[in-house]
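Participant: The structure file data32.cif (mmCIF, C-alpha atoms) is provided below.
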```
data_data
#
loop_
_atom_site.label_atom_id
_atom_site.label_comp_id
_atom_site.auth_asym_id
_atom_site.auth_seq_id
_atom_site.Cartn_x
_atom_site.Cartn_y
_atom_site.Cartn_z
CA ALA H 1 0.00 0.00 0.00
CA LEU H 2 2.85 2.36 0.76
CA LEU H 3 4.45 1.57 -2.60
CA MET H 4 1.23 2.27 -4.46
CA LEU H 5 0.83 5.58 -2.63
CA HIS H 6 4.37 6.55 -3.62
CA ILE H 7 3.62 5.85 -7.28
CA VAL H 8 0.45 7.94 -7.22
CA LEU H 9 2.27 10.86 -5.64
CA ALA H 10 5.12 10.60 -8.14
CA GLU H 11 2.75 10.74 -11.11
CA GLY H 12 0.50 13.42 -9.66
CA GLN H 13 2.86 16.34 -9.80
CA ASN H 14 3.17 19.68 -11.53
CA LEU H 15 6.22 19.86 -13.79
CA VAL H 16 6.12 23.67 -13.74
CA PRO H 17 8.35 25.24 -11.06
CA ASN H 18 6.85 28.14 -9.12
CA PRO H 19 3.55 27.73 -11.03
CA SER H 20 1.72 30.62 -9.35
CA PHE H 21 4.75 32.91 -9.12
CA GLU H 22 4.74 33.04 -5.32
CA ASP H 23 8.41 32.23 -4.83
CA THR H 24 10.18 35.55 -5.22
CA VAL H 25 13.83 36.40 -5.68
CA MET H 26 12.86 39.94 -4.75
CA CYS H 27 9.66 41.98 -4.66
CA PRO H 28 8.97 43.81 -7.93
CA ASP H 29 9.50 47.57 -7.87
CA ALA H 30 9.19 48.33 -11.60
CA GLY H 31 7.97 46.84 -14.85
CA ALA H 32 9.59 43.99 -16.79
CA GLN H 33 10.74 42.11 -13.67
CA VAL H 34 9.36 38.63 -14.31
CA ALA H 35 12.80 37.24 -13.45
CA ARG H 36 12.10 38.20 -9.82
CA ALA H 37 9.68 35.27 -9.79
CA LYS H 38 12.04 32.37 -9.16
CA HIS H 39 12.69 30.10 -12.18
CA TRP H 40 10.92 32.41 -14.69
CA ASN H 41 12.55 34.48 -17.44
CA ILE H 42 11.60 37.16 -19.93
CA LEU H 43 11.99 35.84 -23.47
CA LYS H 44 10.73 38.86 -25.41
CA ASP H 45 9.91 42.51 -24.70
CA THR H 46 8.68 43.62 -21.26
CA PRO H 47 6.15 41.35 -19.49
CA ASP H 48 5.47 42.27 -15.87
CA TYR H 49 5.48 40.70 -12.41
CA PHE H 50 2.81 41.66 -9.88
CA HIS H 51 3.01 40.77 -6.18
CA GLU H 52 1.26 41.89 -3.00
CA CYS H 53 4.68 42.66 -1.49
CA CYS H 54 5.25 45.43 -4.03
CA VAL H 55 4.98 48.87 -2.45
CA TYR H 56 4.66 50.62 -5.82
CA PRO H 57 1.00 50.81 -6.93
CA GLN H 58 1.86 50.27 -10.60
CA TYR H 59 2.89 46.65 -9.95
CA SER H 60 0.99 45.79 -6.80
CA ILE H 61 -2.10 43.68 -6.22
CA PRO H 62 -5.03 43.95 -6.66
CA GLN H 63 -4.85 47.44 -8.22
CA ASN H 64 -2.05 48.05 -10.71
CA SER H 65 -1.27 49.90 -13.93
CA PHE H 66 -3.25 47.55 -16.16
CA GLY H 67 -6.36 46.85 -14.11
CA TYR H 68 -7.75 45.37 -10.91
CA GLN H 69 -7.40 41.68 -10.13
CA TRP H 70 -6.74 39.45 -7.14
CA PRO H 71 -4.51 36.41 -7.78
CA ALA H 72 -6.22 33.15 -8.66
CA THR H 73 -3.92 31.59 -6.06
CA GLY H 74 -1.62 33.11 -3.46
CA GLU H 75 -0.16 36.61 -3.72
CA ALA H 76 1.23 37.00 -7.24
CA TYR H 77 0.74 36.71 -10.99
CA ILE H 78 2.40 37.89 -14.19
CA GLY H 79 1.03 39.95 -17.08
CA MET H 80 1.83 40.50 -20.73
CA PHE H 81 0.73 42.02 -24.01
CA THR H 82 -0.26 39.21 -26.40
CA TYR H 83 -1.62 41.19 -29.36
CA SER H 84 -0.96 44.58 -30.94
CA THR H 85 -2.01 46.39 -34.09
CA LEU H 86 0.67 49.01 -33.48
CA ASP H 87 3.35 46.41 -34.23
CA SER H 88 2.22 43.06 -35.62
CA ASN H 89 5.42 41.43 -34.32
CA TYR H 90 5.04 42.73 -30.78
CA ARG H 91 4.57 39.98 -28.20
CA GLU H 92 5.58 39.84 -24.55
CA ILE H 93 6.73 36.30 -23.77
CA VAL H 94 7.86 34.52 -20.59
CA GLY H 95 9.34 31.07 -20.11
CA THR H 96 10.75 28.50 -17.72
CA TYR H 97 12.36 25.05 -17.65
CA LEU H 98 10.15 22.16 -16.62
CA THR H 99 11.37 20.22 -13.60
CA THR H 100 11.88 17.17 -15.85
CA PRO H 101 11.75 16.76 -19.65
CA LEU H 102 8.60 15.26 -21.13
CA THR H 103 8.60 11.59 -22.13
CA ILE H 104 8.10 11.01 -25.85
CA GLY H 105 4.83 9.21 -26.54
CA GLU H 106 3.22 10.16 -23.22
CA ARG H 107 0.14 12.35 -22.98
CA TYR H 108 0.41 15.49 -20.86
CA PHE H 109 -2.36 17.61 -19.44
CA VAL H 110 -1.90 21.36 -19.38
CA SER H 111 -3.79 24.26 -17.83
CA PHE H 112 -3.33 27.87 -16.83
CA LYS H 113 -5.55 30.67 -15.59
CA THR H 114 -5.84 34.01 -17.31
CA SER H 115 -7.77 37.24 -16.90
CA LEU H 116 -8.12 40.19 -19.26
CA ALA H 117 -6.64 43.47 -18.03
CA PHE H 118 -8.41 46.58 -19.27
CA ASN H 119 -6.86 50.03 -19.01
CA PRO H 120 -6.88 52.03 -22.27
CA ILE H 121 -4.56 54.63 -20.74
CA ARG H 122 -1.85 51.93 -20.58
CA GLY H 123 -2.77 50.54 -23.99
CA ALA H 124 -4.77 47.54 -22.78
CA ASN H 125 -7.98 48.02 -24.69
CA VAL H 126 -9.11 44.82 -26.47
CA ALA H 127 -9.87 41.15 -25.73
CA ALA H 128 -8.24 38.47 -27.87
CA SER H 129 -7.95 34.76 -28.53
CA LYS H 130 -4.91 32.47 -28.91
CA VAL H 131 -3.23 32.95 -25.53
CA GLY H 132 -1.33 29.72 -24.92
CA ILE H 133 1.69 27.63 -23.97
CA LEU H 134 4.42 26.50 -26.35
CA PHE H 135 6.53 23.46 -25.46
CA SER H 136 10.04 23.29 -26.92
CA THR H 137 13.45 21.68 -26.63
CA ASN H 138 14.99 25.13 -27.22
CA ASP H 139 15.00 27.39 -24.16
CA TYR H 140 14.70 30.60 -26.27
CA LEU H 141 16.71 32.54 -23.69
CA THR H 142 18.81 34.20 -26.39
CA THR H 143 16.39 34.20 -29.34
CA PRO H 144 12.62 34.53 -28.79
CA PRO H 145 10.31 31.73 -29.94
CA PRO H 146 8.85 32.07 -33.44
CA ILE H 147 5.40 33.51 -34.10
CA ASN H 148 4.37 30.83 -36.58
CA ASN H 149 0.73 30.07 -35.74
CA TYR H 150 1.51 27.10 -33.54
CA CYS H 151 1.59 26.07 -29.90
CA GLN H 152 0.37 22.92 -28.23
CA VAL H 153 -2.28 24.40 -25.91
CA TYR H 154 -4.12 27.69 -26.38
CA SER H 155 -7.51 29.36 -26.11
CA ALA H 156 -9.35 29.20 -29.42
CA LEU H 157 -11.96 31.56 -27.98
CA ILE H 158 -11.72 35.22 -27.03
CA ILE H 159 -11.14 35.69 -23.29
CA SER H 160 -12.94 38.85 -22.21
CA ASP H 161 -13.61 38.38 -18.49
CA THR H 162 -11.88 41.06 -16.41
CA ILE H 163 -13.42 39.92 -13.09
CA LEU H 164 -13.10 36.15 -12.92
CA TRP H 165 -10.14 34.00 -13.91
CA THR H 166 -10.71 31.82 -16.97
CA THR H 167 -8.98 28.45 -17.13
CA VAL H 168 -7.47 27.38 -20.43
CA LYS H 169 -6.69 23.68 -20.65
CA GLY H 170 -5.78 20.99 -23.14
CA SER H 171 -3.64 17.90 -23.62
CA PHE H 172 -1.18 16.57 -26.16
CA VAL H 173 1.14 13.63 -26.74
CA ALA H 174 4.79 14.64 -26.51
CA ASP H 175 6.62 14.03 -29.80
CA SER H 176 9.90 15.34 -28.37
CA ALA H 177 11.56 15.46 -24.96
CA TYR H 178 10.30 19.00 -24.39
CA GLN H 179 11.91 20.66 -21.38
CA PHE H 180 10.93 24.33 -21.78
CA ILE H 181 7.62 26.22 -21.91
CA SER H 182 6.87 29.70 -23.24
CA ILE H 183 3.66 31.64 -22.51
CA SER H 184 2.08 34.26 -24.78
CA SER H 185 0.32 34.21 -28.16
CA PHE H 186 2.33 32.57 -30.92
CA PHE H 187 -0.09 33.43 -33.70
CA THR H 188 0.07 36.21 -36.27
CA VAL H 189 -2.37 39.10 -35.95
CA SER H 190 -4.50 37.79 -38.83
CA LYS H 191 -5.10 34.53 -36.93
CA ILE H 192 -6.17 36.19 -33.67
CA ASP H 193 -9.84 37.03 -33.05
CA THR H 194 -10.59 40.15 -31.03
CA LEU H 195 -13.44 41.82 -29.20
CA ARG H 196 -13.23 45.59 -29.42
CA PHE H 197 -15.01 47.53 -26.72
CA TYR H 198 -14.94 50.82 -28.63
CA ASN H 199 -13.52 52.29 -31.83
CA ASN H 200 -9.89 53.28 -31.71
CA ASN H 201 -6.97 53.76 -34.09
CA TRP H 202 -5.03 50.88 -32.53
CA TYR H 203 -5.65 47.88 -30.28
CA GLN H 204 -3.63 45.84 -27.79
CA SER H 205 -4.53 42.97 -25.46
CA TYR H 206 -2.95 42.45 -22.04
CA TYR H 207 -3.52 39.33 -19.93
CA TYR H 208 -2.72 38.33 -16.38
CA ILE H 209 -1.48 34.72 -15.99
CA ASP H 210 -1.56 32.49 -12.90
CA ASP H 211 -1.56 28.79 -11.88
CA VAL H 212 0.38 27.18 -14.72
CA CYS H 213 0.20 23.38 -14.65
CA VAL H 214 1.72 20.54 -16.70
CA SER H 215 1.22 16.96 -15.54
CA ALA H 216 1.06 13.39 -16.85
CA ASP H 217 -1.83 12.84 -14.43
CA SER H 218 -5.15 13.63 -16.12
CA MET H 219 -6.70 14.73 -12.83
CA TYR H 220 -3.83 16.61 -11.20
CA CYS H 221 -4.08 19.98 -12.96
CA GLU H 222 -7.87 19.90 -12.78
CA GLU H 223 -7.81 19.34 -9.03
CA LEU H 224 -5.01 21.86 -8.55
CA THR H 225 -6.80 24.70 -10.33
CA ASN H 226 -10.38 23.68 -9.52
CA ILE H 227 -11.41 23.97 -13.14
CA SER H 228 -15.04 24.86 -13.62
CA ASP H 229 -14.92 27.45 -16.38
CA ALA H 230 -12.44 25.95 -18.83
CA ILE H 231 -11.90 26.91 -22.43
CA PHE H 232 -10.83 23.98 -24.57
CA GLU H 233 -8.58 24.10 -27.59
#
```
In structure tokens, write the structure found in this file.
Facilitator:
Amino acid sequence: ALLMLHIVLAEGQNLVPNPSFEDTVMCPDAGAQVARAKHWNILKDTPDYFHECCVYPQYSIPQNSFGYQWPATGEAYIGMFTYSTLDSNYREIVGTYLTTPLTIGERYFVSFKTSLAFNPIRGANVAASKVGILFSTNDYLTTPPPINNYCQVYSALIISDTILWTTVKGSFVADSAYQFISISSFFTVSKIDTLRFYNNNWYQSYYYIDDVCVSADSMYCEELTNISDAIFE
């Protein structure tokens, strides 16, 4: 019985380190400080780290420069622009190493929570689709991941809720020993659907991200994030 319990615990684990960004190297005190969340890195442009320990209102919780939101879990989350008509190549992207590489041929279950930030003064003024997670063998720490209309798990629908967290989830069979994940939108502007709240000369979407989960256990991520409002790929 003890051996069986050990096996269940070994399988039921999250391969994402610091999945809700609680473990801090240091409290954020400015923008573009995702690296202050232990294990996470900025891969492109200037995504942000928000934590209740921040004494600067721009990057605090729940009120900050991009909107008002409590964490889905704990005291922190990250945020990023995932779509822009000002620059079709503009994407803010974050990434981290998984605790162990994926096993080729095994199915993995993936989920994360996201919430739309809305503050036109800071350029966050539209809801969009295609926010997702890209798995790779390349860590993209020196060259950002490509925007080539592909990632393994993403929201096919527009996420427009600014109050509640929406869970995006999916699964896939690993065809490589992926050891790195990147989070953003990896689709070109023409492939992204948007919901515009008013007419403007330009549009950008900004999303908060929390509770990132990757597991070989079909139930683990669902139990961890208490999924009840999921969007499926």
Participant: Can you spell out as JSON, numbers by chain the set of residues that the PyMOL selection byres ((chain H and resi 19-31) around 7) selects in the structure I just provided?
Facilitator: {"H": [16, 17, 18, 32, 33, 36, 37, 38, 48, 49, 50, 51, 53, 54, 56, 59, 73, 74, 75, 76, 77, 210, 211, 212, 213]}
Participant: Residue by residue, what does the PyMOL selection byres ((chain H and resi 39-45) around 7) grab here? Present the result as a ChimeraX atom specification.
Facilitator: /H:17-18,34-35,37-38,46-47,91-96,140-141,144
Participant: Go through H:Tyr150, H:Tyr108, H:Phe197, H:Phe118 and flag the residue nearest Asp175 of chain H, using all atoms listed in the file for the distances.
Facilitator: H:Tyr108
Participant: Could you work out how far atom CA of Phe135 of chain H lies from atom CA of Glu52 of chain H, giving the answer in Å with one decimal?
Facilitator: 29.5 Å
Participant: Between H:Phe109, H:Tyr90, H:Phe187, H:Phe81, which one has atoms that come closest to Glu223 of chain H, using only C-alpha atoms?
Facilitator: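 That would be H:Phe109, the residue with the smallest distance to Glu223 of chain H.
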Participant: Quick one: residues within 10 Å of Val173 of chain H, only C-alpha atoms counted, chain neighbours fewer than 5 positions away excluded, as a list of chain:residue names?
Facilitator: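 Final neighbour list, sorted by chain and number: H:Leu102, H:Thr103, H:Ile104, H:Gly105, H:Glu106, H:Arg107, H:Tyr108, H:Phe109, H:Gln152, H:Ala216.
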Participant: State, in Å with one decimal place, the distance from atom CA of Trp202 of chain H to atom CA of Val131 of chain H.
Facilitator: 19.3 Å
Participant: Please indicate the distance in Å from atom CA of Pro71 of chain H to atom CA of Asn125 of chain H, rounded to one decimal place.
Facilitator: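 Computing it gives 20.8 Å between the two atoms.
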Participant: Using the chain letters and numbers from the file, give me the residues hit by the PyMOL selection byres ((chain H and resi 169) around 6), as JSON, numbers by chain.
Facilitator: {"H": [110, 111, 168, 170, 232]}
Participant: Restricting the calculation to all atoms listed in the file, which member of H:Ser218, H:Tyr178, H:Thr99, H:Arg122 is positioned closest to Gln58 of chain H?
Facilitator: H:Arg122
Participant: Which one is closest to Gly123 of chain H: H:Phe186, H:Phe180, H:Phe66, H:Tyr207? Count all atoms listed in the file.
Facilitator: H:Phe66
